[in-house]
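Have a look at work.txt below; it lists compact mmCIF, C-alpha atoms.
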```
# COMPACT_ATOMS: atom_id res chain seq x y z
CA MET Y 1 0.00 0.00 0.00
CA ALA Y 2 1.40 3.40 -0.98
CA THR Y 3 1.80 6.21 1.50
CA LEU Y 4 0.59 9.79 1.36
CA PHE Y 5 3.36 11.97 2.80
CA ALA Y 6 2.22 15.39 3.98
CA PHE Y 7 4.51 18.26 4.97
CA GLY Y 8 3.51 21.68 6.22
CA ASP Y 9 2.82 23.82 9.24
CA SER Y 10 -0.03 23.94 11.76
CA PHE Y 11 -2.72 23.84 9.06
CA THR Y 12 -1.43 20.48 7.91
CA GLN Y 13 -0.74 19.19 11.41
CA GLY Y 14 -4.34 20.05 12.27
CA VAL Y 15 -3.75 22.42 15.15
CA GLY Y 16 -7.06 23.68 16.52
CA LEU Y 17 -9.10 20.81 15.13
CA GLU Y 18 -9.00 18.97 18.41
CA LYS Y 19 -8.33 20.38 21.81
CA HIS Y 20 -5.39 18.07 22.43
CA VAL Y 21 -3.54 18.80 19.19
CA GLN Y 22 -0.95 21.43 19.99
CA ALA Y 23 1.82 22.65 17.72
CA SER Y 24 4.40 21.92 20.39
CA ASP Y 25 3.35 18.26 20.68
CA VAL Y 26 3.97 17.48 17.01
CA ILE Y 27 1.01 15.08 17.01
CA PRO Y 28 -1.09 15.32 13.87
CA SER Y 29 -4.85 15.36 14.03
CA ASP Y 30 -6.90 12.60 12.43
CA SER Y 31 -9.32 15.34 11.39
CA ALA Y 32 -6.66 17.15 9.35
CA TRP Y 33 -6.62 16.85 5.56
CA PRO Y 34 -3.74 14.35 5.27
CA LYS Y 35 -5.51 11.56 7.16
CA ILE Y 36 -8.89 12.25 5.52
CA THR Y 37 -7.33 12.31 2.05
CA ALA Y 38 -5.38 9.11 2.67
CA ASP Y 39 -8.56 7.39 3.85
CA ILE Y 40 -10.40 8.48 0.69
CA LEU Y 41 -7.56 7.15 -1.46
CA ASP Y 42 -7.05 3.99 0.62
CA MET Y 43 -3.45 4.93 1.31
CA ARG Y 44 -1.32 4.95 4.41
CA VAL Y 45 -0.60 8.42 5.79
CA SER Y 46 2.55 9.98 7.13
CA ASN Y 47 1.74 13.47 8.33
CA LEU Y 48 5.08 15.10 9.13
CA ALA Y 49 3.80 18.64 9.50
CA VAL Y 50 4.76 20.71 12.53
CA GLY Y 51 2.89 23.75 13.78
CA GLY Y 52 4.83 27.00 13.47
CA HIS Y 53 7.28 25.65 10.95
CA SER Y 54 8.59 28.12 8.44
CA ASN Y 55 9.13 27.11 4.85
CA LYS Y 56 12.80 26.59 5.60
CA ALA Y 57 11.82 24.21 8.40
CA ILE Y 58 9.43 22.43 6.05
CA ALA Y 59 12.25 22.03 3.54
CA TYR Y 60 14.38 20.57 6.31
CA ASP Y 61 11.55 18.20 7.30
CA VAL Y 62 11.41 16.96 3.72
CA THR Y 63 15.16 16.45 3.34
CA ASN Y 64 15.24 14.60 6.66
CA ASN Y 65 12.49 12.20 5.65
CA VAL Y 66 13.01 11.80 1.93
CA HIS Y 67 14.77 8.46 2.38
CA ASN Y 68 11.45 6.95 3.51
CA ILE Y 69 9.64 7.90 0.29
CA ALA Y 70 9.12 5.27 -2.42
CA SER Y 71 8.39 5.79 -6.11
CA ASP Y 72 4.66 4.96 -5.79
CA ASP Y 73 4.12 7.21 -2.77
CA VAL Y 74 2.45 10.60 -3.08
CA VAL Y 75 3.95 13.72 -1.51
CA VAL Y 76 1.88 16.83 -0.79
CA ILE Y 77 3.66 19.89 0.56
CA MET Y 78 1.41 22.63 1.91
CA TRP Y 79 3.74 25.61 2.09
CA SER Y 80 3.28 28.23 4.75
CA ASP Y 81 2.52 31.82 3.80
CA GLY Y 82 4.32 33.17 6.85
CA PHE Y 83 7.25 34.18 4.70
CA TYR Y 84 8.80 36.35 7.39
CA ARG Y 85 8.78 33.41 9.76
CA ASN Y 86 12.28 32.10 10.02
CA MET Y 87 14.38 29.35 11.47
CA ILE Y 88 18.06 28.87 12.05
CA LEU Y 89 19.33 25.33 12.25
CA THR Y 90 21.86 24.73 14.96
CA ASP Y 91 23.74 21.48 15.30
CA ASP Y 92 22.14 20.73 18.65
CA GLY Y 93 18.56 21.73 17.76
CA ASN Y 94 16.55 24.21 15.76
CA ILE Y 95 16.11 27.84 16.58
CA GLN Y 96 12.62 28.84 15.56
CA PHE Y 97 11.29 32.32 15.57
CA CYS Y 98 9.05 34.75 13.77
CA PRO Y 99 8.73 38.50 14.11
CA SER Y 100 6.19 38.08 16.87
CA THR Y 101 8.46 36.02 19.09
CA ASP Y 102 8.71 37.19 22.66
CA ASP Y 103 11.54 34.85 23.58
CA GLU Y 104 14.19 37.23 24.91
CA ASN Y 105 16.96 34.81 24.01
CA LEU Y 106 15.98 35.04 20.37
CA LEU Y 107 15.29 38.75 20.14
CA HIS Y 108 18.75 39.81 19.00
CA ILE Y 109 18.79 37.14 16.29
CA LYS Y 110 15.28 38.02 15.24
CA ASN Y 111 16.12 41.72 15.09
CA PHE Y 112 19.18 41.02 12.99
CA VAL Y 113 17.28 38.88 10.50
CA VAL Y 114 14.33 41.26 10.30
CA GLU Y 115 16.54 44.31 9.93
CA HIS Y 116 19.12 43.02 7.49
CA MET Y 117 17.85 39.92 5.73
CA SER Y 118 14.15 40.54 5.18
CA SER Y 119 14.07 42.67 2.07
CA ARG Y 120 11.20 41.50 -0.10
CA ASP Y 121 13.47 40.36 -2.91
CA ASN Y 122 15.72 38.45 -0.55
CA ILE Y 123 12.70 36.65 0.89
CA GLN Y 124 11.37 36.04 -2.59
CA PHE Y 125 14.66 34.48 -3.68
CA ASP Y 126 15.14 32.43 -0.52
CA GLN Y 127 11.57 31.10 -0.56
CA SER Y 128 11.70 30.24 -4.25
CA MET Y 129 15.00 28.46 -3.78
CA LEU Y 130 13.61 26.46 -0.86
CA ILE Y 131 10.50 25.41 -2.74
CA MET Y 132 12.30 24.48 -5.95
CA GLY Y 133 15.16 22.82 -4.14
CA THR Y 134 12.75 20.78 -2.07
CA ASP Y 135 10.79 19.75 -5.15
CA ALA Y 136 13.99 18.51 -6.76
CA VAL Y 137 14.94 16.56 -3.64
CA VAL Y 138 11.55 14.80 -3.57
CA ARG Y 139 11.62 14.05 -7.30
CA GLN Y 140 14.73 11.95 -6.78
CA LYS Y 141 12.32 9.52 -5.09
CA THR Y 142 8.91 10.01 -6.71
CA GLN Y 143 7.32 12.09 -9.44
CA ASN Y 144 4.03 12.15 -7.50
CA VAL Y 145 4.56 15.56 -5.91
CA LEU Y 146 2.01 18.31 -5.33
CA HIS Y 147 2.73 21.79 -4.00
CA VAL Y 148 -0.23 23.63 -2.52
CA MET Y 149 -0.94 26.71 -0.44
CA VAL Y 150 -3.01 27.22 2.67
CA LYS Y 151 -5.06 30.05 1.18
CA PRO Y 152 -6.14 30.72 -2.40
CA LEU Y 153 -4.25 33.47 -4.16
CA GLU Y 154 -7.15 35.86 -4.47
CA TRP Y 155 -8.16 35.78 -0.84
CA GLU Y 156 -6.70 38.01 1.84
CA ASP Y 157 -7.32 37.58 5.52
CA ASP Y 158 -7.73 40.98 7.13
CA ASP Y 159 -7.24 39.47 10.54
CA ILE Y 160 -3.67 38.45 9.87
CA SER Y 161 -0.96 40.93 10.65
CA GLY Y 162 0.57 42.26 7.46
CA HIS Y 163 3.96 42.33 9.12
CA ASP Y 164 4.23 38.58 9.27
CA PHE Y 165 2.93 37.87 5.81
CA LEU Y 166 4.00 38.60 2.27
CA ASP Y 167 1.76 38.15 -0.73
CA TRP Y 168 2.10 34.79 -2.48
CA GLN Y 169 1.94 36.70 -5.75
CA HIS Y 170 5.33 38.17 -4.93
CA ILE Y 171 6.81 34.70 -4.53
CA LEU Y 172 5.07 33.30 -7.60
CA SER Y 173 5.97 36.27 -9.79
CA GLN Y 174 9.25 34.61 -10.69
CA PRO Y 175 8.78 32.74 -13.95
CA TRP Y 176 10.32 29.52 -12.78
CA ILE Y 177 8.18 28.73 -9.78
CA GLY Y 178 4.49 29.16 -10.62
CA HIS Y 179 4.28 25.95 -12.64
CA LEU Y 180 5.23 23.88 -9.61
CA PHE Y 181 2.03 24.76 -7.79
CA GLN Y 182 -1.43 23.35 -8.06
CA LEU Y 183 -2.76 26.90 -8.00
CA ASP Y 184 -6.42 25.92 -7.96
CA LEU Y 185 -5.95 23.95 -4.77
CA ALA Y 186 -5.89 25.62 -1.38
CA LEU Y 187 -7.06 24.50 2.02
CA PHE Y 188 -9.34 27.48 2.54
CA ASN Y 189 -12.62 27.64 0.62
CA LEU Y 190 -14.71 30.77 1.07
CA GLU Y 191 -17.92 28.84 0.42
CA ILE Y 192 -17.42 26.35 3.23
CA THR Y 193 -18.62 27.26 6.71
CA PRO Y 194 -17.65 27.54 9.42
CA TRP Y 195 -14.30 28.94 8.33
CA TYR Y 196 -12.50 28.47 11.60
CA THR Y 197 -12.28 25.90 14.37
CA GLU Y 198 -13.99 26.56 17.64
CA TYR Y 199 -10.61 26.83 19.39
CA ASP Y 200 -8.69 29.30 17.25
CA LYS Y 201 -8.30 30.79 13.77
CA HIS Y 202 -7.11 27.63 12.10
CA TYR Y 203 -9.51 26.29 9.51
CA SER Y 204 -12.44 24.13 10.51
CA ARG Y 205 -13.01 20.41 10.09
CA GLU Y 206 -15.43 21.25 7.32
CA GLN Y 207 -12.67 23.10 5.46
CA HIS Y 208 -10.34 20.13 5.88
CA ALA Y 209 -13.02 17.71 4.67
CA ASP Y 210 -13.77 19.84 1.62
CA PHE Y 211 -10.08 20.23 0.76
CA SER Y 212 -9.54 16.49 1.13
CA GLN Y 213 -12.27 15.79 -1.42
CA ARG Y 214 -10.76 18.22 -3.92
CA LEU Y 215 -7.21 17.03 -3.27
CA SER Y 216 -8.07 13.34 -3.60
CA LYS Y 217 -9.61 14.01 -7.03
CA VAL Y 218 -6.47 15.77 -8.21
CA ILE Y 219 -4.21 13.02 -6.86
CA THR Y 220 -6.35 10.37 -8.53
CA GLU Y 221 -6.32 12.18 -11.86
CA LYS Y 222 -2.65 13.08 -11.85
CA PHE Y 223 -0.98 10.09 -10.24
CA LEU Y 224 -3.24 7.11 -9.61
CA THR Y 225 -4.97 6.60 -12.95
CA LYS Y 226 -1.73 6.28 -14.95
CA MET M 1 28.16 28.58 -32.43
CA ASN M 2 27.24 26.71 -29.28
CA ARG M 3 28.30 28.28 -26.03
CA LEU M 4 29.96 27.15 -22.83
CA PHE M 5 28.37 28.85 -19.81
CA THR M 6 30.34 28.74 -16.58
CA PHE M 7 29.38 29.79 -13.06
CA GLY M 8 31.64 29.95 -10.03
CA ASP M 9 33.77 32.14 -7.77
CA SER M 10 37.30 33.51 -8.09
CA PHE M 11 38.65 30.11 -9.10
CA THR M 12 36.44 30.23 -12.18
CA HIS M 13 37.09 33.92 -12.77
CA GLY M 14 40.83 33.27 -12.81
CA THR M 15 41.91 35.50 -9.97
CA SER M 16 45.70 35.81 -9.70
CA LEU M 17 46.43 33.79 -12.81
CA CYS M 18 48.15 36.75 -14.41
CA ASP M 19 49.91 39.86 -13.17
CA ASP M 20 47.11 42.28 -13.87
CA HIS M 21 44.41 40.05 -12.42
CA ILE M 22 44.92 40.36 -8.68
CA ASP M 23 42.48 43.12 -7.86
CA VAL M 24 39.55 41.57 -9.65
CA ALA M 25 36.90 44.22 -9.15
CA ASN M 26 35.25 45.04 -12.48
CA LEU M 27 37.73 42.94 -14.42
CA ASP M 28 36.77 40.49 -17.13
CA PRO M 29 37.48 36.82 -16.45
CA CYS M 30 41.09 35.81 -17.04
CA GLU M 31 42.01 34.16 -20.32
CA TYR M 32 44.11 31.57 -18.43
CA ALA M 33 41.22 30.34 -16.33
CA TRP M 34 39.71 26.94 -17.08
CA PRO M 35 36.51 28.27 -18.77
CA ALA M 36 38.49 29.97 -21.57
CA LEU M 37 40.77 26.94 -21.93
CA LEU M 38 37.87 24.50 -22.02
CA SER M 39 35.85 26.54 -24.50
CA ASP M 40 38.90 26.63 -26.83
CA MET M 41 39.16 22.84 -26.63
CA LEU M 42 35.43 22.52 -27.35
CA ASP M 43 35.54 25.20 -30.05
CA MET M 44 32.69 26.98 -28.33
CA GLU M 45 32.06 30.56 -27.34
CA CYS M 46 32.80 31.12 -23.65
CA VAL M 47 30.31 32.91 -21.38
CA ASN M 48 32.06 33.04 -18.01
CA LEU M 49 29.58 34.39 -15.44
CA SER M 50 31.70 33.73 -12.37
CA LYS M 51 31.95 36.23 -9.53
CA PRO M 52 34.99 36.36 -7.27
CA GLY M 53 33.94 36.01 -3.63
CA ALA M 54 30.59 34.47 -4.42
CA GLY M 55 29.20 31.79 -2.13
CA PRO M 56 26.63 29.15 -3.04
CA LYS M 57 23.63 31.46 -2.66
CA GLU M 58 25.08 34.19 -4.86
CA LEU M 59 26.05 31.56 -7.40
CA ALA M 60 22.48 30.22 -7.40
CA HIS M 61 21.20 33.77 -7.74
CA THR M 62 23.49 34.38 -10.71
CA VAL M 63 22.15 31.23 -12.33
CA SER M 64 18.57 32.43 -11.79
CA GLU M 65 19.40 35.79 -13.39
CA ASN M 66 21.04 34.26 -16.45
CA ALA M 67 19.42 30.88 -17.07
CA SER M 68 17.00 32.25 -19.64
CA GLN M 69 19.90 33.02 -22.03
CA ILE M 70 20.93 29.37 -22.16
CA GLN M 71 19.87 27.29 -25.15
CA SER M 72 19.31 23.55 -25.35
CA ASP M 73 22.58 22.94 -27.22
CA ASP M 74 24.72 24.99 -24.85
CA ILE M 75 26.92 23.37 -22.21
CA VAL M 76 26.95 24.56 -18.59
CA VAL M 77 29.64 23.87 -16.00
CA VAL M 78 29.00 25.03 -12.44
CA MET M 79 32.11 25.15 -10.26
CA TRP M 80 30.83 25.28 -6.67
CA PRO M 81 33.02 27.14 -4.17
CA TYR M 82 34.77 25.10 -1.49
CA SER M 83 33.62 27.62 1.06
CA THR M 84 29.97 27.18 1.86
CA MET M 85 30.47 29.72 4.65
CA ARG M 86 29.44 32.69 2.60
CA THR M 87 26.07 34.08 1.82
CA CYS M 88 24.46 37.17 0.40
CA VAL M 89 21.35 39.26 0.83
CA VAL M 90 19.36 40.30 -2.23
CA GLN M 91 18.28 43.91 -1.82
CA ASP M 92 15.07 45.32 -3.26
CA ASN M 93 17.08 47.75 -5.41
CA GLY M 94 18.89 44.85 -7.04
CA ASP M 95 22.10 45.18 -5.05
CA ILE M 96 23.70 42.09 -3.57
CA TRP M 97 25.15 42.34 -0.07
CA ARG M 98 27.91 39.80 0.03
CA ILE M 99 28.72 38.29 3.43
CA GLY M 100 32.07 36.58 3.79
CA SER M 101 34.81 36.20 6.36
CA TRP M 102 36.55 39.28 4.98
CA CYS M 103 33.64 41.37 6.32
CA LEU M 104 34.44 40.46 9.92
CA ASP M 105 37.05 43.16 10.29
CA CYS M 106 36.23 45.37 7.33
CA GLY M 107 35.30 48.31 9.56
CA GLU M 108 32.31 49.12 7.38
CA GLU M 109 28.78 48.98 8.71
CA PRO M 110 26.35 47.30 8.42
CA TYR M 111 28.49 44.64 6.73
CA GLU M 112 30.74 43.98 9.72
CA SER M 113 27.80 43.54 12.10
CA ILE M 114 25.92 41.38 9.63
CA ALA M 115 28.97 39.17 9.18
CA HIS M 116 29.44 38.73 12.92
CA GLN M 117 25.76 37.78 13.36
CA TYR M 118 25.90 35.46 10.39
CA TYR M 119 28.97 33.60 11.59
CA ALA M 120 27.68 33.48 15.16
CA TYR M 121 24.30 31.98 14.35
CA GLN M 122 23.99 30.69 10.83
CA THR M 123 27.08 28.66 10.10
CA GLY M 124 26.35 25.42 11.94
CA LYS M 125 26.91 22.29 9.94
CA LYS M 126 23.21 21.45 9.62
CA GLU M 127 22.34 24.99 8.57
CA GLN M 128 25.08 25.05 5.96
CA MET M 129 24.16 21.64 4.65
CA LEU M 130 20.54 22.64 4.15
CA GLN M 131 21.39 25.96 2.55
CA THR M 132 23.95 24.45 0.21
CA LYS M 133 21.68 21.58 -0.78
CA MET M 134 18.91 24.00 -1.64
CA CYS M 135 21.26 26.23 -3.65
CA MET M 136 22.61 23.33 -5.67
CA LYS M 137 19.27 21.71 -6.33
CA PHE M 138 17.72 25.05 -7.26
CA ALA M 139 20.51 25.95 -9.69
CA ASP M 140 20.50 22.50 -11.25
CA TYR M 141 16.73 22.63 -11.66
CA LEU M 142 16.81 25.99 -13.44
CA LEU M 143 19.66 24.96 -15.73
CA ARG M 144 18.05 21.66 -16.73
CA GLU M 145 14.94 23.53 -17.78
CA GLN M 146 17.18 25.02 -20.48
CA THR M 147 19.67 22.27 -21.35
CA GLN M 148 20.53 18.75 -20.28
CA HIS M 149 24.24 19.45 -20.78
CA VAL M 150 24.91 20.47 -17.20
CA MET M 151 27.97 19.46 -15.22
CA HIS M 152 28.67 20.27 -11.58
CA ALA M 153 32.17 20.41 -10.19
CA THR M 154 33.82 21.73 -7.06
CA VAL M 155 36.95 23.76 -6.53
CA ASN M 156 38.70 21.39 -4.15
CA SER M 157 39.21 17.74 -3.76
CA MET M 158 37.81 16.84 -0.37
CA PRO M 159 40.93 16.09 1.69
CA HIS M 160 42.47 19.31 0.54
CA ALA M 161 39.43 21.43 1.38
CA ASP M 162 39.67 20.51 5.03
CA ASN M 163 43.23 21.76 5.29
CA HIS M 164 42.37 25.40 4.86
CA VAL M 165 43.32 27.44 7.86
CA ASP M 166 40.49 29.96 7.85
CA GLN M 167 38.41 29.15 10.89
CA TYR M 168 35.17 29.39 8.99
CA LEU M 169 36.12 27.52 5.88
CA GLY M 170 36.21 23.87 5.10
CA LYS M 171 33.76 22.82 7.83
CA ILE M 172 31.28 21.52 5.34
CA THR M 173 32.63 18.96 2.94
CA MET M 174 31.04 18.99 -0.44
CA ASN M 175 31.55 15.26 -0.35
CA SER M 176 28.37 14.81 1.63
CA LEU M 177 26.45 16.54 -1.13
CA LYS M 178 27.12 13.66 -3.49
CA SER M 179 23.87 12.22 -2.16
CA LEU M 180 22.04 14.88 -4.13
CA GLY M 181 22.66 12.94 -7.29
CA ILE M 182 23.81 15.88 -9.39
CA TRP M 183 27.52 15.45 -8.86
CA SER M 184 30.18 15.00 -11.48
CA PRO M 185 33.47 13.48 -10.38
CA LEU M 186 35.47 16.59 -11.11
CA GLN M 187 37.47 18.94 -8.94
CA LEU M 188 39.62 21.83 -10.06
CA PHE M 189 42.38 20.91 -7.63
CA ASP M 190 44.52 17.88 -8.45
CA SER M 191 47.21 16.98 -5.91
CA ARG M 192 49.37 15.44 -8.66
CA ILE M 193 49.73 18.74 -10.50
CA SER M 194 52.38 21.21 -9.45
CA PRO M 195 52.75 23.99 -8.70
CA ILE M 196 49.56 24.01 -6.66
CA TYR M 197 49.18 27.78 -6.37
CA THR M 198 49.82 30.77 -8.56
CA PRO M 199 52.99 32.70 -7.71
CA LEU M 200 50.82 35.74 -7.05
CA ASP M 201 48.99 34.46 -4.00
CA ASP M 202 48.88 31.35 -1.85
CA GLY M 203 45.21 30.54 -2.26
CA HIS M 204 44.31 30.36 -5.93
CA TYR M 205 45.36 27.48 -8.10
CA SER M 206 48.04 27.70 -10.72
CA ARG M 207 47.70 27.87 -14.48
CA GLU M 208 48.86 24.26 -14.57
CA GLN M 209 45.94 23.23 -12.37
CA HIS M 210 43.54 25.08 -14.67
CA ILE M 211 45.00 23.42 -17.76
CA ALA M 212 44.74 19.97 -16.19
CA PHE M 213 41.15 20.58 -15.14
CA ALA M 214 40.17 21.84 -18.58
CA LYS M 215 41.58 18.65 -20.13
CA ARG M 216 39.72 16.42 -17.68
CA ALA M 217 36.49 18.33 -18.17
CA HIS M 218 36.94 18.15 -21.92
CA ASN M 219 37.40 14.37 -21.81
CA LEU M 220 34.33 13.94 -19.60
CA LEU M 221 32.16 16.15 -21.80
CA ARG M 222 33.29 14.31 -24.94
CA ARG M 223 32.45 10.95 -23.36
CA ASN M 224 29.00 12.20 -22.40
```

Kindly present the structure from the file in structure tokens form.
Amino acid sequence: MATLFAFGDSFTQGVGLEKHVQASDVIPSDSAWPKITADILDMRVSNLAVGGHSNKAIAYDVTNNVHNIASDDVVVIMWSDGFYRNMILTDDGNIQFCPSTDDENLLHIKNFVVEHMSSRDNIQFDQSMLIMGTDAVVRQKTQNVLHVMVKPLEWEDDDISGHDFLDWQHILSQPWIGHLFQLDLALFNLEITPWYTEYDKHYSREQHADFSQRLSKVITEKFLTK
Amino acid sequence: MNRLFTFGDSFTHGTSLCDDHIDVANLDPCEYAWPALLSDMLDMECVNLSKPGAGPKELAHTVSENASQIQSDDIVVVMWPYSTMRTCVVQDNGDIWRIGSWCLDCGEEPYESIAHQYYAYQTGKKEQMLQTKMCMKFADYLLREQTQHVMHATVNSMPHADNHVDQYLGKITMNSLKSLGIWSPLQLFDSRISPIYTPLDDGHYSREQHIAFAKRAHNLLRRN
């Protein structure tokens, strides 16, 4: 039986879908889209998403787990849109932070990165390199790779601080990256209610169920009917 | 006429290979460097896009800026620097801030502060491995969209790279990147060739090393 590998941040882990699923516990929810999609497709699931992970951390998650992926497995990477979120890998553990961190031990690093390394074009280049590099790493193992986003391109969430987020259009404006994405697939669907979970502003079970239906159709058409 | 595109750092630019090529700012690549030699052997036009001082990220950025010029019958050789301990920041005005060990005592802000922060926090082995992997995969991906004639090489042979005295250099061996599957068994440095260095400095390889590399690269390209 093939495995559906899912990588991403809290939206893929399923934070907020159940009271006990916390980003810090790294336990995925059975109500999150990876498990629902795998059940629809009669596949095993390996949900390796971690809440709060930046795209760099997601790339690291993929490179760390790529040896487990076989040629008939399917890999779905749901990239985060928290482009200003960052991570520094240390040899004894990760340093995670984003501009909203209040960890005093990380403030000087955060300030340095925000002040000197967060020009829009630098972020655009770094993010594009991470996404394309990760795609190439996965394709050494399987051609069944999908890249998706949490939110559709045309939808903006007024509740999210503009400081932490950069428009996906800016990332996708480079000619060599747009074709990697399944642009018509995003976890959030304006027509599905409720939008959010009862615990926080992560998307609801209904959103996850709807996305899983749409995703499973795409996976079937692209990879499983060949 | 088909073209040979080359990307790399000072070793590809030909720094110190001739008397007037020590201060490399704004200079054209040296005619004694391996790209010019190799293109002569291949009877191809040479487009040497190397940048002295560039690290893997700047090299990947240079590839992204120039890949669209490359045609399907062109050949590309990417000579990755032995020092992964360099990076750059792409500014919104198009400028590139280059961060290398030479910035640590350059006395010019913000570069000196940035360099100290970078070396303090972002040069662990895992961090460098991830960054370098992403740079190499990204560059290879872009190039193979244009042509399948892509060869990757590195400046140093592995044992030699670890002998460099700079405290920040040589920590990451390119050897471990062989797992990426885009490697070609070619290094510029060959311990059997002497002299090792140019007479003009003690860090860049000699004309003899460049000639030997060009011959090996030529043989490999002809076989493939």

Legend entry - chain M contacts on chain Y, all atoms listed in the file, 7 Å, as number ranges by chain: Y: 60, 88-91, 117, 119-122, 129-130, 132-134, 136

Serialized selection, C-alpha atoms, as an mmCIF file, in the frame of the given file:
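The new file again.cif reads:
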```
data_model
loop_
_atom_site.group_PDB
_atom_site.id
_atom_site.type_symbol
_atom_site.label_atom_id
_atom_site.label_comp_id
_atom_site.auth_asym_id
_atom_site.auth_seq_id
_atom_site.Cartn_x
_atom_site.Cartn_y
_atom_site.Cartn_z
ATOM 1 C CA TYR Y 60 14.380 20.570 6.310
ATOM 2 C CA ILE Y 88 18.060 28.870 12.050
ATOM 3 C CA LEU Y 89 19.330 25.330 12.250
ATOM 4 C CA THR Y 90 21.860 24.730 14.960
ATOM 5 C CA ASP Y 91 23.740 21.480 15.300
ATOM 6 C CA MET Y 117 17.850 39.920 5.730
ATOM 7 C CA SER Y 119 14.070 42.670 2.070
ATOM 8 C CA ARG Y 120 11.200 41.500 -0.100
ATOM 9 C CA ASP Y 121 13.470 40.360 -2.910
ATOM 10 C CA ASN Y 122 15.720 38.450 -0.550
ATOM 11 C CA MET Y 129 15.000 28.460 -3.780
ATOM 12 C CA LEU Y 130 13.610 26.460 -0.860
ATOM 13 C CA MET Y 132 12.300 24.480 -5.950
ATOM 14 C CA GLY Y 133 15.160 22.820 -4.140
ATOM 15 C CA THR Y 134 12.750 20.780 -2.070
ATOM 16 C CA ALA Y 136 13.990 18.510 -6.760
#
```

Legend entry - For Y:Leu41: contacts at 10 Å, all atoms listed in the file, fewer than 6 positions along chain excluded, given as a PyMOL selection string: chain Y and resi 2-4+35+212-213+216-217+219-220+224

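If all atoms listed in the file are the atoms counted, then among Y:His202, Y:Lys151, Y:His67, Y:His108 the closest residue to Y:Val21 is Y:His202.
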
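Remark: for M:His116, the closest of the candidate residues M:Ile99, M:Ala36, M:Leu27, M:Cys18 is M:Ile99 (distances computed over all atoms listed in the file).
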
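Nearest-residue note for M:Gln187: choosing from M:Pro29, M:Pro52, M:Pro199, M:Pro81, the minimum distance belongs to M:Pro81, counting only C-alpha atoms.
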
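Comparing Y:Ala32, Y:Val137, Y:Ala6, Y:Val113 by their smallest distance to Y:Glu18, the closest is Y:Ala32 (using only C-alpha atoms).
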
Inset, instruction - Record the distance separating atom CA of Y:Phe5 and atom CA of Y:Leu180, expressed in Å with one decimal. - result: 17.3 Å

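For the pair atom CA of M:Glu65 and atom CA of Y:Arg139, the interatomic distance is 23.9 Å.
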
Non-local contacts of Y:Phe83 (10 Å; all atoms listed in the file; under 3 positions in same chain excluded) as a PDB file with C-alpha atoms, in the coordinates of the input:
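As written to disk, part-v5.pdb reads:
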```pdb
ATOM      1  CA  SER Y  54       8.590  28.120   8.440  1.00  0.00           C
ATOM      2  CA  ASN Y  55       9.130  27.110   4.850  1.00  0.00           C
ATOM      3  CA  LYS Y  56      12.800  26.590   5.600  1.00  0.00           C
ATOM      4  CA  TRP Y  79       3.740  25.610   2.090  1.00  0.00           C
ATOM      5  CA  SER Y  80       3.280  28.230   4.750  1.00  0.00           C
ATOM      6  CA  ASN Y  86      12.280  32.100  10.020  1.00  0.00           C
ATOM      7  CA  CYS Y  98       9.050  34.750  13.770  1.00  0.00           C
ATOM      8  CA  SER Y 118      14.150  40.540   5.180  1.00  0.00           C
ATOM      9  CA  ARG Y 120      11.200  41.500  -0.100  1.00  0.00           C
ATOM     10  CA  ILE Y 123      12.700  36.650   0.890  1.00  0.00           C
ATOM     11  CA  GLN Y 124      11.370  36.040  -2.590  1.00  0.00           C
ATOM     12  CA  ASP Y 126      15.140  32.430  -0.520  1.00  0.00           C
ATOM     13  CA  GLN Y 127      11.570  31.100  -0.560  1.00  0.00           C
ATOM     14  CA  HIS Y 163       3.960  42.330   9.120  1.00  0.00           C
ATOM     15  CA  ASP Y 164       4.230  38.580   9.270  1.00  0.00           C
ATOM     16  CA  PHE Y 165       2.930  37.870   5.810  1.00  0.00           C
ATOM     17  CA  LEU Y 166       4.000  38.600   2.270  1.00  0.00           C
ATOM     18  CA  ASP Y 167       1.760  38.150  -0.730  1.00  0.00           C
ATOM     19  CA  TRP Y 168       2.100  34.790  -2.480  1.00  0.00           C
ATOM     20  CA  ILE Y 171       6.810  34.700  -4.530  1.00  0.00           C
TER      21      ILE Y 171
END
```

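What separates atom CA of Y:Asn111 from atom CA of Y:Asp61 is a distance of 25.2 Å.
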
Inset, instruction - List every protein, DNA or RNA residue with an atom no more than 8 Å from (27.5, 21.6, -17.0) in the file's coordinates, counting all atoms listed in the file, and format the result as a PyMOL selection string. - result: chain M and resi 5-6+75-78+149-152

Those residues with C-alpha atoms, as a compact mmCIF listing (two decimals), keeping the file's coordinate frame please?
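The file below, selection_4.txt, is the result:
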```txt
# COMPACT_ATOMS: atom_id res chain seq x y z
CA PHE M 5 28.37 28.85 -19.81
CA THR M 6 30.34 28.74 -16.58
CA ILE M 75 26.92 23.37 -22.21
CA VAL M 76 26.95 24.56 -18.59
CA VAL M 77 29.64 23.87 -16.00
CA VAL M 78 29.00 25.03 -12.44
CA HIS M 149 24.24 19.45 -20.78
CA VAL M 150 24.91 20.47 -17.20
CA MET M 151 27.97 19.46 -15.22
CA HIS M 152 28.67 20.27 -11.58
```

Edge lengths and centre in Å to one decimal, as lines of an AutoDock Vina configuration file, of the axis-aligned box that encloses all listed atoms of stretch 98-102 of chain M with 4 Å added on every side?
```
center_x = 32.2
center_y = 38.0
center_z = 3.2
size_x = 16.6
size_y = 11.6
size_z = 14.3
```

Inset, instruction - Can you pull out every residue within 8 Å of M:Phe189, counting only C-alpha atoms, but drop anything in the same chain fewer than 6 positions away, and send it as a PyMOL selection string? - result: chain M and resi 155-157+196+205+209+213
